[in-house]
file query30.tsv (TSV, C-alpha atoms)
chain	number	residue	atom	x	y	z
A	740	MET	CA	-18.41	6.50	-5.92
A	741	ASN	CA	-16.48	3.26	-6.27
A	742	LYS	CA	-12.89	4.46	-6.51
A	743	ARG	CA	-10.12	2.11	-5.47
A	744	VAL	CA	-7.81	2.87	-2.54
A	745	SER	CA	-4.22	1.60	-2.50
A	746	ILE	CA	-3.05	1.07	1.09
A	747	ILE	CA	0.74	0.90	1.45
A	748	ILE	CA	2.25	-0.55	4.63
A	749	PRO	CA	5.99	-0.97	5.29
A	750	THR	CA	6.85	-3.54	7.93
A	751	PHE	CA	9.89	-4.92	9.73
A	752	ASN	CA	9.68	-7.61	12.41
A	753	ARG	CA	6.03	-6.82	13.17
A	754	ALA	CA	4.56	-10.28	12.56
A	755	GLU	CA	2.94	-10.38	16.01
A	756	ILE	CA	1.58	-6.82	15.83
A	757	ILE	CA	0.42	-6.37	12.24
A	758	LYS	CA	-2.44	-8.87	12.59
A	759	ASP	CA	-4.67	-6.28	14.30
A	760	THR	CA	-3.75	-3.71	11.64
A	761	ILE	CA	-4.75	-6.15	8.89
A	762	GLU	CA	-8.03	-6.91	10.63
A	763	SER	CA	-8.87	-3.21	10.90
A	764	ILE	CA	-8.41	-2.94	7.12
A	765	ARG	CA	-10.38	-6.12	6.38
A	766	ASN	CA	-13.26	-4.77	8.53
A	767	GLN	CA	-13.65	-1.54	6.55
A	768	THR	CA	-17.20	-0.74	5.47
A	769	TYR	CA	-15.70	0.53	2.20
A	770	THR	CA	-14.49	-2.55	0.33
A	771	ASN	CA	-12.84	-1.41	-2.92
A	772	TRP	CA	-9.21	-1.36	-1.86
A	773	GLU	CA	-5.89	-3.12	-2.30
A	774	CYS	CA	-3.38	-3.43	0.54
A	775	ILE	CA	0.30	-3.61	-0.41
A	776	ILE	CA	2.50	-4.79	2.45
A	777	VAL	CA	6.24	-4.36	1.88
A	778	ASP	CA	8.57	-6.28	4.18
A	779	ASP	CA	11.98	-4.72	4.74
A	780	GLY	CA	13.83	-8.00	5.37
A	781	SER	CA	12.16	-9.18	8.60
A	782	THR	CA	13.77	-11.97	10.64
A	783	ASP	CA	10.68	-13.00	12.67
A	784	GLN	CA	9.09	-15.31	10.07
A	785	SER	CA	6.95	-12.48	8.73
A	786	GLU	CA	7.07	-14.08	5.27
A	787	ILE	CA	5.12	-17.04	6.70
A	788	LYS	CA	2.93	-15.40	9.34
A	789	ILE	CA	1.74	-12.25	7.56
A	790	PRO	CA	0.34	-13.94	4.40
A	791	TYR	CA	-1.46	-16.40	6.69
A	792	TYR	CA	-3.46	-13.54	8.23
A	793	PHE	CA	-5.10	-12.74	4.88
A	794	LYS	CA	-4.85	-16.04	2.99
A	795	SER	CA	-8.52	-15.90	1.98
A	796	ASP	CA	-8.51	-12.26	0.84
A	797	ASN	CA	-6.85	-11.50	-2.49
A	798	ARG	CA	-7.07	-7.75	-1.89
A	799	PHE	CA	-3.89	-8.11	0.19
A	800	GLN	CA	-0.42	-8.39	-1.32
A	801	TYR	CA	2.81	-9.30	0.47
A	802	HIS	CA	6.14	-8.25	-1.04
A	803	VAL	CA	9.71	-8.40	0.21
A	804	LEU	CA	11.71	-5.27	-0.56
A	805	PRO	CA	14.34	-6.19	-3.20
A	806	VAL	CA	17.83	-6.48	-1.72
A	807	ASN	CA	19.28	-4.05	-4.29
A	808	LEU	CA	17.17	-1.20	-2.86
A	809	ASN	CA	17.89	0.91	0.22
A	810	LYS	CA	16.54	-0.48	3.48
A	811	GLY	CA	13.98	1.27	5.65
A	812	PRO	CA	10.32	2.33	5.70
A	813	ASN	CA	10.79	5.07	3.10
A	814	PRO	CA	12.20	2.80	0.35
A	815	SER	CA	9.42	0.34	1.23
A	816	ARG	CA	6.75	3.03	0.82
A	817	ASN	CA	8.22	4.17	-2.50
A	818	PHE	CA	8.39	0.56	-3.72
A	819	GLY	CA	4.79	0.00	-2.69
A	820	PHE	CA	3.67	3.18	-4.44
A	821	ASN	CA	5.14	1.90	-7.71
A	822	LEU	CA	2.90	-1.17	-7.40
A	823	ALA	CA	-0.25	0.79	-6.55
A	824	THR	CA	-3.17	0.74	-9.02
A	825	GLY	CA	-5.74	2.69	-7.01
A	826	ASP	CA	-7.28	6.10	-7.59
A	827	TYR	CA	-6.27	7.12	-4.06
A	828	VAL	CA	-3.22	6.25	-1.97
A	829	TYR	CA	-3.20	5.75	1.76
A	830	PHE	CA	0.09	5.26	3.61
A	831	PHE	CA	-0.31	3.33	6.85
A	832	ASP	CA	1.94	1.85	9.55
A	833	SER	CA	2.03	-1.79	10.58
A	834	ASP	CA	0.95	-1.18	14.18
A	835	ASP	CA	-1.92	1.28	13.83
A	836	ILE	CA	-5.67	0.69	13.70
A	837	LEU	CA	-8.39	2.15	11.47
A	838	MET	CA	-11.94	2.84	12.58
A	839	PRO	CA	-14.31	0.54	10.60
A	840	PHE	CA	-15.86	3.50	8.73
A	841	ALA	CA	-12.54	5.27	8.01
A	842	PHE	CA	-12.28	4.67	4.26
A	843	GLU	CA	-15.98	5.27	3.74
A	844	THR	CA	-15.56	8.64	5.44
A	845	TYR	CA	-12.48	9.55	3.42
A	846	ILE	CA	-14.06	8.60	0.10
A	847	SER	CA	-17.37	10.33	0.78
A	848	ASN	CA	-15.48	13.60	1.36
A	849	PHE	CA	-13.36	13.42	-1.79
A	850	GLU	CA	-14.63	15.73	-4.46
A	851	ASN	CA	-13.04	16.33	-7.84
A	852	GLU	CA	-11.05	19.39	-6.80
A	853	TYR	CA	-9.42	17.83	-3.74
A	854	ASP	CA	-5.90	16.41	-3.85
A	855	ALA	CA	-6.12	15.06	-0.30
A	856	VAL	CA	-8.54	14.44	2.51
A	857	ILE	CA	-6.97	14.60	5.97
A	858	ALA	CA	-8.50	13.17	9.15
A	859	ARG	CA	-7.50	13.44	12.78
A	860	LEU	CA	-5.99	10.61	14.79
A	861	GLU	CA	-5.87	9.57	18.40
A	862	LYS	CA	-2.38	8.93	19.73
A	863	VAL	CA	-2.48	5.95	22.11
A	864	ASP	CA	0.11	4.45	24.45
A	865	TYR	CA	0.68	0.93	23.14
A	866	ASN	CA	1.12	-0.70	26.54
A	867	SER	CA	-1.59	1.02	28.59
A	868	LYS	CA	-3.95	1.67	25.64
A	869	LYS	CA	-4.62	5.10	27.16
A	870	THR	CA	-5.14	8.15	24.95
A	871	ILE	CA	-2.16	10.49	24.89
A	872	SER	CA	-3.55	13.20	22.62
A	873	ILE	CA	-5.55	13.99	19.48
A	874	ASN	CA	-3.65	15.83	16.80
A	875	THR	CA	-4.34	19.25	15.28
A	876	ILE	CA	-4.51	19.29	11.47
A	877	GLN	CA	-5.68	22.81	10.54
A	878	SER	CA	-4.08	26.22	10.81
A	879	GLU	CA	-4.18	29.67	9.26
A	880	ASN	CA	-0.40	29.47	8.89
A	881	ILE	CA	-0.03	25.82	7.99
A	882	ILE	CA	3.55	25.77	6.65
A	883	GLU	CA	5.08	27.40	9.73
A	884	ASP	CA	2.82	25.51	12.13
A	885	TYR	CA	3.59	22.18	10.47
A	886	PHE	CA	7.31	22.98	10.61
A	887	THR	CA	7.12	23.60	14.36
A	888	GLY	CA	4.81	20.67	15.16
A	889	ILE	CA	1.74	22.67	16.13
A	890	VAL	CA	0.01	20.95	13.20
A	891	SER	CA	0.77	17.33	12.37
A	892	PHE	CA	-0.76	14.82	9.93
A	893	TYR	CA	1.61	11.88	10.54
A	894	VAL	CA	1.89	9.40	7.69
A	895	CYS	CA	-1.63	8.01	8.12
A	896	GLY	CA	-3.71	11.19	8.46
A	897	PRO	CA	-4.00	12.03	4.74
A	898	MET	CA	-5.50	10.04	1.90
A	899	TRP	CA	-3.96	11.33	-1.33
A	900	LYS	CA	-5.24	11.43	-4.88
A	901	LYS	CA	-2.78	9.26	-6.79
A	902	SER	CA	-2.70	11.64	-9.76
A	903	PHE	CA	-1.37	14.36	-7.42
A	904	LEU	CA	1.40	12.10	-6.09
A	905	ASP	CA	2.29	10.97	-9.63
A	906	LYS	CA	3.29	14.56	-10.41
A	907	GLN	CA	5.85	14.76	-7.57
A	908	THR	CA	9.55	14.44	-8.31
A	909	GLN	CA	10.14	12.74	-4.95
A	910	LEU	CA	7.86	10.93	-2.54
A	911	PHE	CA	9.57	9.64	0.63
A	912	ASP	CA	13.19	10.74	1.09
A	913	GLU	CA	15.25	7.57	1.48
A	914	GLU	CA	18.10	9.43	3.18
A	915	ILE	CA	15.97	10.40	6.19
A	916	SER	CA	15.39	8.00	9.10
A	917	ASN	CA	13.65	10.46	11.41
A	918	LEU	CA	10.86	12.93	10.64
A	919	ASP	CA	10.21	11.05	7.40
A	920	ASP	CA	6.46	11.67	7.41
A	921	TRP	CA	7.05	15.29	8.53
A	922	ASP	CA	9.40	15.77	5.57
A	923	PHE	CA	6.99	14.12	3.11
A	924	ASN	CA	3.91	16.06	4.22
A	925	LEU	CA	5.71	19.40	4.21
A	926	ARG	CA	6.98	18.88	0.68
A	927	MET	CA	3.47	18.01	-0.43
A	928	LEU	CA	2.18	21.21	1.23
A	929	TYR	CA	4.73	23.30	-0.70
A	930	ASN	CA	2.89	22.22	-3.87
A	931	GLN	CA	-0.31	23.81	-2.55
A	932	PRO	CA	-2.62	20.79	-2.74
A	933	LYS	CA	-6.34	21.36	-2.36
A	934	ILE	CA	-7.21	19.70	0.95
A	935	LYS	CA	-10.41	18.76	2.72
A	936	PHE	CA	-9.90	18.64	6.50
A	937	LEU	CA	-12.08	16.36	8.60
A	938	ASP	CA	-12.74	16.84	12.27
A	939	GLU	CA	-13.40	13.12	12.81
A	940	VAL	CA	-10.85	10.84	14.46
A	941	LEU	CA	-10.42	7.88	12.12
A	942	ILE	CA	-7.17	6.28	13.30
A	943	HIS	CA	-5.64	4.92	16.50
A	944	TYR	CA	-1.93	5.80	16.26
A	945	PHE	CA	0.12	3.77	18.73
A	946	GLN	CA	3.14	5.21	20.53
A	947	HIS	CA	5.80	2.64	21.42
A	948	GLU	CA	8.68	2.83	23.87
A	949	SER	CA	11.00	2.14	20.92
A	950	SER	CA	9.51	4.76	18.59
A	951	LEU	CA	11.84	7.24	16.91
A	952	LYS	CA	10.42	10.12	18.93
A	953	GLN	CA	11.33	8.25	22.09
A	954	GLU	CA	14.81	7.70	20.70
A	955	LEU	CA	15.15	11.48	20.38
A	956	ASN	CA	14.15	11.98	24.00
A	957	LYS	CA	16.63	9.24	24.98
A	958	LEU	CA	19.28	11.44	23.32
A	959	ASN	CA	20.12	9.04	20.50
A	960	LEU	CA	22.49	11.39	18.70
A	961	SER	CA	22.29	9.61	15.33
A	962	GLU	CA	18.50	10.05	15.27
A	963	ILE	CA	18.77	13.63	16.53
A	964	ASP	CA	21.25	14.35	13.72
A	965	SER	CA	18.83	12.89	11.16
A	966	ALA	CA	16.01	15.03	12.54
A	967	PHE	CA	18.05	18.21	12.27
A	968	ARG	CA	19.28	17.39	8.77
A	969	ALA	CA	15.62	17.16	7.79
A	970	ARG	CA	14.89	20.54	9.37
A	971	TYR	CA	17.81	22.25	7.63
A	972	LYS	CA	16.71	20.68	4.35
A	973	HIS	CA	13.34	22.37	4.77
A	974	LEU	CA	14.88	25.64	5.86
A	975	ALA	CA	16.55	25.73	2.44
A	976	LEU	CA	13.36	24.68	0.62
A	977	ILE	CA	11.24	27.29	2.41
A	978	THR	CA	13.79	29.97	1.53
A	979	ASN	CA	13.92	28.83	-2.11
A	980	TYR	CA	10.13	28.75	-2.42
A	981	GLY	CA	9.78	32.14	-0.71
A	982	LEU	CA	7.34	30.67	1.81
A	983	GLY	CA	8.42	32.72	4.82
A	984	PHE	CA	11.23	34.55	6.53
A	985	LYS	CA	14.33	32.41	7.04
A	986	ASN	CA	15.03	33.87	10.48
A	987	ILE	CA	11.64	32.73	11.79
A	988	TYR	CA	12.35	29.10	10.87
A	989	LEU	CA	15.95	29.35	12.03
A	990	GLY	CA	14.62	30.48	15.40
A	991	HIS	CA	12.32	27.43	15.50
A	992	ILE	CA	15.28	25.14	14.83
A	993	ASN	CA	17.17	26.82	17.65
A	994	ASN	CA	14.29	26.14	20.02
A	995	PHE	CA	14.67	22.43	19.28
A	996	TYR	CA	18.41	22.64	20.00
A	997	LYS	CA	17.61	24.36	23.30
A	998	HIS	CA	15.23	21.53	24.17
A	999	TYR	CA	18.01	18.98	23.74
A	1000	LEU	CA	20.51	21.17	25.57
A	1001	ARG	CA	18.17	21.16	28.57
A	1002	LEU	CA	17.71	17.38	28.32
A	1003	THR	CA	21.46	16.74	28.20
A	1004	LEU	CA	22.11	19.03	31.15
A	1005	ARG	CA	19.40	17.35	33.23
A	1006	SER	CA	20.75	13.90	32.36
A	1007	LYS	CA	24.34	15.00	33.05
A	1008	SER	CA	25.31	13.94	29.54
A	1009	GLY	CA	28.59	15.20	28.16
A	1010	ASP	CA	26.85	15.89	24.86
A	1011	TYR	CA	25.50	19.20	26.14
A	1012	PHE	CA	28.44	21.04	24.54
A	1013	PHE	CA	27.42	19.78	21.08
A	1014	PHE	CA	24.03	21.47	21.41
A	1015	LEU	CA	25.49	24.57	23.04
A	1016	LYS	CA	27.74	25.16	20.00
A	1017	LYS	CA	24.80	24.72	17.61
A	1018	ILE	CA	22.68	27.22	19.57
A	1019	LEU	CA	25.44	29.83	19.75
A	1020	LYS	CA	26.06	29.54	16.01
A	1021	ILE	CA	22.41	30.25	15.23
A	1022	GLU	CA	22.15	33.08	17.78
A	1023	TRP	CA	25.21	34.68	16.15
A	1024	GLU	CA	23.62	34.32	12.71
A	1025	LEU	CA	20.48	35.97	14.08
A	1026	PHE	CA	22.56	38.75	15.71
A	1027	HIS	CA	21.19	37.91	19.16
A	1028	ILE	CA	24.27	39.00	21.08
A	1029	LEU	CA	22.56	39.29	24.47
A	1030	LYS	CA	21.04	35.82	24.05
A	1031	ILE	CA	24.51	34.40	23.44
A	1032	PHE	CA	25.64	35.60	26.87
A	1033	LYS	CA	22.40	34.39	28.50
A	1034	ILE	CA	22.77	30.90	27.02
A	1035	ILE	CA	26.41	30.61	28.06
A	1036	ILE	CA	25.68	31.82	31.59
A	1037	GLY	CA	22.57	29.65	31.90
A	1038	THR	CA	24.39	26.54	30.67
A	1039	PHE	CA	27.22	26.74	33.17
A	1040	LEU	CA	24.98	27.88	36.03
A	1041	TYR	CA	22.82	24.81	35.49
A	1042	LYS	CA	25.72	22.44	34.91
A	1043	TYR	CA	27.57	23.35	38.09
A	1044	LEU	CA	24.90	24.84	40.39
A	1045	LYS	CA	21.63	23.42	39.00
A	1046	LYS	CA	20.32	26.97	38.62
A	1047	GLY	CA	19.60	29.29	35.72
A	1048	GLU	CA	17.55	26.97	33.51
A	1049	ARG	CA	15.25	29.90	32.69
A	1050	PHE	CA	18.10	31.35	30.59
A	1051	LEU	CA	17.97	28.29	28.31
A	1052	TYR	CA	14.61	29.10	26.70

call {"tool": "encode", "arguments": {"input": "query30.tsv", "output": "structure tokens"}}
result
Amino acid sequence: MNKRVSIIIPTFNRAEIIKDTIESIRNQTYTNWECIIVDDGSTDQSEIKIPYYFKSDNRFQYHVLPVNLNKGPNPSRNFGFNLATGDYVYFFDSDDILMPFAFETYISNFENEYDAVIARLEKVDYNSKKTISINTIQSENIIEDYFTGIVSFYVCGPMWKKSFLDKQTQLFDEEISNLDDWDFNLRMLYNQPKIKFLDEVLIHYFQHESSLKQELNKLNLSEIDSAFRARYKHLALITNYGLGFKNIYLGHINNFYKHYLRLTLRSKSGDYFFFLKKILKIEWELFHILKIFKIIIGTFLYKYLKKGERFLY
């Protein structure tokens, strides 16, 4: 099989990091690919440095996202997809690393009926280079488990058949700044693609101090708001598609609110009341009257006496 892979990489101010990513692509044992790098208006001389890294390899392309388009990784991915000519599409980030045999493994597992092949990845701390975890990609209840984070593909786990993606009405949602890959992968799952799951780890996925997940844990309210807008979007989609009971997913959303309520109380942030109101609204909708009293009691016990955190779960 000699199918072409289109690799799409958004980048912003990663001129000093992306070199290793480019080298991991150049070193692939499978050689029939094109790599489309889309720069979202970098200010670190990326337009000079990045093309220099691959000046002798015409399989790489460097594009600057047009100024009339929305900014961000999602518009960059969509723009790159429109330039792709491959049989398969692989979305990648500008700071991650592929195993040398990654594409060969993906391609050898693609059969005619598959819309995607999904591999596992190793999450690595960027500074220490120590392994944090290896993700789970399979489940008997994949929609619910992907929604809750038990299963996760990230943006770089799947390789997609381009003909499957061509049929979608939307690829990456340009209104979402957090959980963008979560949103994309879930919407693809709603279309019931035929997937081959691989047990091999083919990617090193680097976790940075400045990553969006870290921003959530730092209680960046704008990013938290984006994350919850994405979750409510999918609550509506799941209900519309008849893919599960609304109350189950609403309960999962409430668990995330409780997580941030606990974080704000521990950090003595005044934002705790924002999350408390959200939790009480959902508990009321779920008719959990006793839980409403437990949450209220637990919140104020912890705030003033540093006790009662067990009521906040």

call {"tool": "closest_residue", "arguments": {"input": "query30.tsv", "among": "A:Ser833, A:Asn817, A:Asn851, A:Asn993", "to": "Ile1021 of chain A", "atoms": "only C-alpha atoms"}}
result
A:Asn993

call {"tool": "atom_distance", "arguments": {"input": "query30.tsv", "atom1": "atom CA of Asn866 of chain A", "atom2": "atom CA of Tyr944 of chain A"}}
result
12.5 Å

call {"tool": "closest_residue", "arguments": {"input": "query30.tsv", "among": "A:Pro897, A:Pro814, A:Gly981, A:Gly888", "to": "Gln909 of chain A", "atoms": "all atoms listed in the file"}}
result
A:Pro814

call {"tool": "closest_residue", "arguments": {"input": "query30.tsv", "among": "A:Asp905, A:Glu786, A:Asp826, A:Asp834", "to": "Ile764 of chain A", "atoms": "only C-alpha atoms"}}
result
A:Asp834

call {"tool": "closest_residue", "arguments": {"input": "query30.tsv", "among": "A:Tyr971, A:Tyr999, A:Tyr988, A:Phe820", "to": "Tyr885 of chain A", "atoms": "only C-alpha atoms"}}
result
A:Tyr988

call {"tool": "axis_aligned_box", "arguments": {"input": "query30.tsv", "around": "segment 807-821 of chain A", "padding_each_side": "5 Å", "output": "AutoDock Vina command-line options"}}
result
--center_x 11.5 --center_y 0.5 --center_z -1.0 --size_x 25.6 --size_y 19.1 --size_z 23.4

call {"tool": "closest_residue", "arguments": {"input": "query30.tsv", "among": "A:Leu904, A:Glu939, A:Tyr1043, A:Glu762", "to": "Asn821 of chain A", "atoms": "all atoms listed in the file"}}
result
A:Leu904

call {"tool": "atom_distance", "arguments": {"input": "query30.tsv", "atom1": "atom CA of Val894 of chain A", "atom2": "atom CA of Asn797 of chain A"}}
result
24.8 Å

call {"tool": "residues_around", "arguments": {"input": "query30.tsv", "residues": "segment 911-914 of chain A", "least_positions_apart": "5", "cutoff": "8 Å", "atoms": "all atoms listed in the file", "output": "PyMOL selection string"}}
result
chain A and resi 809+811+813-814+816-817+919-920+922-923

call {"tool": "residues_near_point", "arguments": {"input": "query30.tsv", "point": "(-9.9, 18.1, 5.3)", "cutoff": "10 Å", "atoms": "only C-alpha atoms", "output": "PyMOL selection string"}}
result
chain A and resi 845+848-849+853+855-859+876-877+896-898+933-939

call {"tool": "residues_around", "arguments": {"input": "query30.tsv", "residues": "Ile881 of chain A", "least_positions_apart": "5", "cutoff": "10 Å", "atoms": "only C-alpha atoms", "output": "list in words"}}
result
Ile876, Phe886, Thr887, Ile889, Val890, Ser891, Leu925 and Leu928 of chain A

call {"tool": "residues_near_point", "arguments": {"input": "query30.tsv", "point": "(21.0, 32.8, 11.7)", "cutoff": "10 Å", "atoms": "all atoms listed in the file", "output": "PyMOL selection string"}}
result
chain A and resi 985-990+993+1018-1027

call {"tool": "closest_residue", "arguments": {"input": "query30.tsv", "among": "A:Ala975, A:Val863, A:Ile746, A:Leu1000", "to": "Phe830 of chain A", "atoms": "only C-alpha atoms"}}
result
A:Ile746

call {"tool": "residues_around", "arguments": {"input": "query30.tsv", "residues": "Ser815 of chain A", "least_positions_apart": "6", "cutoff": "12 Å", "atoms": "only C-alpha atoms", "output": "PyMOL selection string"}}
result
chain A and resi 747-751+775-780+801-806+808-809+821-822+830-832+910-913

call {"tool": "decode", "arguments": {"input": "query30.tsv", "residues": "segment 1006-1016 of chain A", "atoms": "all heavy atoms", "output": "PDB file, in the first residue's frame"}}
result
ATOM      1  N   SER A1006      -7.950  27.104  47.296  1.00  0.00           N
ATOM      2  CA  SER A1006      -7.084  28.242  46.967  1.00  0.00           C
ATOM      3  C   SER A1006      -7.589  29.551  47.564  1.00  0.00           C
ATOM      4  O   SER A1006      -6.996  30.602  47.344  1.00  0.00           O
ATOM      5  CB  SER A1006      -6.994  28.392  45.443  1.00  0.00           C
ATOM      6  OG  SER A1006      -8.257  28.759  44.905  1.00  0.00           O
ATOM      7  N   LYS A1007      -8.704  29.485  48.291  1.00  0.00           N
ATOM      8  CA  LYS A1007      -9.313  30.663  48.911  1.00  0.00           C
ATOM      9  C   LYS A1007      -9.726  31.705  47.876  1.00  0.00           C
ATOM     10  O   LYS A1007      -9.726  32.899  48.129  1.00  0.00           O
ATOM     11  CB  LYS A1007      -8.370  31.288  49.944  1.00  0.00           C
ATOM     12  CG  LYS A1007      -8.000  30.340  51.066  1.00  0.00           C
ATOM     13  CD  LYS A1007      -7.063  30.990  52.077  1.00  0.00           C
ATOM     14  CE  LYS A1007      -6.682  30.008  53.175  1.00  0.00           C
ATOM     15  NZ  LYS A1007      -5.755  30.594  54.159  1.00  0.00           N
ATOM     16  N   SER A1008     -10.093  31.218  46.696  1.00  0.00           N
ATOM     17  CA  SER A1008     -10.542  32.112  45.635  1.00  0.00           C
ATOM     18  C   SER A1008     -11.994  32.507  45.871  1.00  0.00           C
ATOM     19  O   SER A1008     -12.817  31.696  46.296  1.00  0.00           O
ATOM     20  CB  SER A1008     -10.414  31.412  44.279  1.00  0.00           C
ATOM     21  OG  SER A1008     -11.101  32.132  43.279  1.00  0.00           O
ATOM     22  N   GLY A1009     -12.297  33.756  45.565  1.00  0.00           N
ATOM     23  CA  GLY A1009     -13.674  34.220  45.706  1.00  0.00           C
ATOM     24  C   GLY A1009     -14.593  33.690  44.630  1.00  0.00           C
ATOM     25  O   GLY A1009     -15.810  33.911  44.686  1.00  0.00           O
ATOM     26  N   ASP A1010     -14.034  32.958  43.660  1.00  0.00           N
ATOM     27  CA  ASP A1010     -14.849  32.439  42.563  1.00  0.00           C
ATOM     28  C   ASP A1010     -15.633  31.192  42.951  1.00  0.00           C
ATOM     29  O   ASP A1010     -16.370  30.657  42.127  1.00  0.00           O
ATOM     30  CB  ASP A1010     -13.954  32.118  41.354  1.00  0.00           C
ATOM     31  CG  ASP A1010     -13.308  33.356  40.759  1.00  0.00           C
ATOM     32  OD1 ASP A1010     -13.991  34.380  40.665  1.00  0.00           O
ATOM     33  OD2 ASP A1010     -12.114  33.286  40.399  1.00  0.00           O
ATOM     34  N   TYR A1011     -15.460  30.724  44.178  1.00  0.00           N
ATOM     35  CA  TYR A1011     -16.144  29.496  44.582  1.00  0.00           C
ATOM     36  C   TYR A1011     -17.650  29.622  44.415  1.00  0.00           C
ATOM     37  O   TYR A1011     -18.346  28.647  44.082  1.00  0.00           O
ATOM     38  CB  TYR A1011     -15.811  29.143  46.036  1.00  0.00           C
ATOM     39  CG  TYR A1011     -16.574  29.939  47.055  1.00  0.00           C
ATOM     40  CD1 TYR A1011     -17.774  29.470  47.579  1.00  0.00           C
ATOM     41  CD2 TYR A1011     -16.123  31.200  47.477  1.00  0.00           C
ATOM     42  CE1 TYR A1011     -18.497  30.206  48.504  1.00  0.00           C
ATOM     43  CE2 TYR A1011     -16.829  31.938  48.386  1.00  0.00           C
ATOM     44  CZ  TYR A1011     -18.023  31.448  48.904  1.00  0.00           C
ATOM     45  OH  TYR A1011     -18.740  32.192  49.809  1.00  0.00           O
ATOM     46  N   PHE A1012     -18.200  30.824  44.614  1.00  0.00           N
ATOM     47  CA  PHE A1012     -19.647  31.003  44.577  1.00  0.00           C
ATOM     48  C   PHE A1012     -20.191  30.797  43.165  1.00  0.00           C
ATOM     49  O   PHE A1012     -21.307  30.324  42.983  1.00  0.00           O
ATOM     50  CB  PHE A1012     -20.031  32.389  45.094  1.00  0.00           C
ATOM     51  CG  PHE A1012     -21.476  32.507  45.474  1.00  0.00           C
ATOM     52  CD1 PHE A1012     -21.994  31.780  46.535  1.00  0.00           C
ATOM     53  CD2 PHE A1012     -22.336  33.326  44.764  1.00  0.00           C
ATOM     54  CE1 PHE A1012     -23.334  31.862  46.881  1.00  0.00           C
ATOM     55  CE2 PHE A1012     -23.676  33.431  45.098  1.00  0.00           C
ATOM     56  CZ  PHE A1012     -24.175  32.692  46.161  1.00  0.00           C
ATOM     57  N   PHE A1013     -19.376  31.124  42.151  1.00  0.00           N
ATOM     58  CA  PHE A1013     -19.758  30.896  40.756  1.00  0.00           C
ATOM     59  C   PHE A1013     -20.034  29.413  40.531  1.00  0.00           C
ATOM     60  O   PHE A1013     -21.052  29.028  39.944  1.00  0.00           O
ATOM     61  CB  PHE A1013     -18.636  31.393  39.832  1.00  0.00           C
ATOM     62  CG  PHE A1013     -18.789  30.984  38.391  1.00  0.00           C
ATOM     63  CD1 PHE A1013     -19.586  31.712  37.530  1.00  0.00           C
ATOM     64  CD2 PHE A1013     -18.125  29.859  37.901  1.00  0.00           C
ATOM     65  CE1 PHE A1013     -19.729  31.326  36.197  1.00  0.00           C
ATOM     66  CE2 PHE A1013     -18.258  29.474  36.574  1.00  0.00           C
ATOM     67  CZ  PHE A1013     -19.061  30.215  35.724  1.00  0.00           C
ATOM     68  N   PHE A1014     -19.129  28.570  41.008  1.00  0.00           N
ATOM     69  CA  PHE A1014     -19.282  27.124  40.807  1.00  0.00           C
ATOM     70  C   PHE A1014     -20.381  26.556  41.691  1.00  0.00           C
ATOM     71  O   PHE A1014     -21.098  25.633  41.286  1.00  0.00           O
ATOM     72  CB  PHE A1014     -17.951  26.418  41.063  1.00  0.00           C
ATOM     73  CG  PHE A1014     -16.884  26.821  40.085  1.00  0.00           C
ATOM     74  CD1 PHE A1014     -15.850  27.654  40.475  1.00  0.00           C
ATOM     75  CD2 PHE A1014     -16.941  26.403  38.766  1.00  0.00           C
ATOM     76  CE1 PHE A1014     -14.874  28.041  39.574  1.00  0.00           C
ATOM     77  CE2 PHE A1014     -15.977  26.783  37.860  1.00  0.00           C
ATOM     78  CZ  PHE A1014     -14.942  27.611  38.260  1.00  0.00           C
ATOM     79  N   LEU A1015     -20.526  27.101  42.892  1.00  0.00           N
ATOM     80  CA  LEU A1015     -21.594  26.644  43.780  1.00  0.00           C
ATOM     81  C   LEU A1015     -22.955  26.844  43.122  1.00  0.00           C
ATOM     82  O   LEU A1015     -23.811  25.950  43.143  1.00  0.00           O
ATOM     83  CB  LEU A1015     -21.528  27.390  45.111  1.00  0.00           C
ATOM     84  CG  LEU A1015     -22.646  27.071  46.109  1.00  0.00           C
ATOM     85  CD1 LEU A1015     -22.638  25.598  46.490  1.00  0.00           C
ATOM     86  CD2 LEU A1015     -22.513  27.945  47.362  1.00  0.00           C
ATOM     87  N   LYS A1016     -23.181  28.008  42.522  1.00  0.00           N
ATOM     88  CA  LYS A1016     -24.467  28.278  41.860  1.00  0.00           C
ATOM     89  C   LYS A1016     -24.712  27.305  40.709  1.00  0.00           C
ATOM     90  O   LYS A1016     -25.843  26.823  40.522  1.00  0.00           O
ATOM     91  CB  LYS A1016     -24.494  29.719  41.351  1.00  0.00           C
ATOM     92  CG  LYS A1016     -24.611  30.758  42.452  1.00  0.00           C
ATOM     93  CD  LYS A1016     -24.878  32.142  41.894  1.00  0.00           C
ATOM     94  CE  LYS A1016     -23.697  32.640  41.084  1.00  0.00           C
ATOM     95  NZ  LYS A1016     -23.932  34.031  40.596  1.00  0.00           N
TER      96      LYS A1016
END
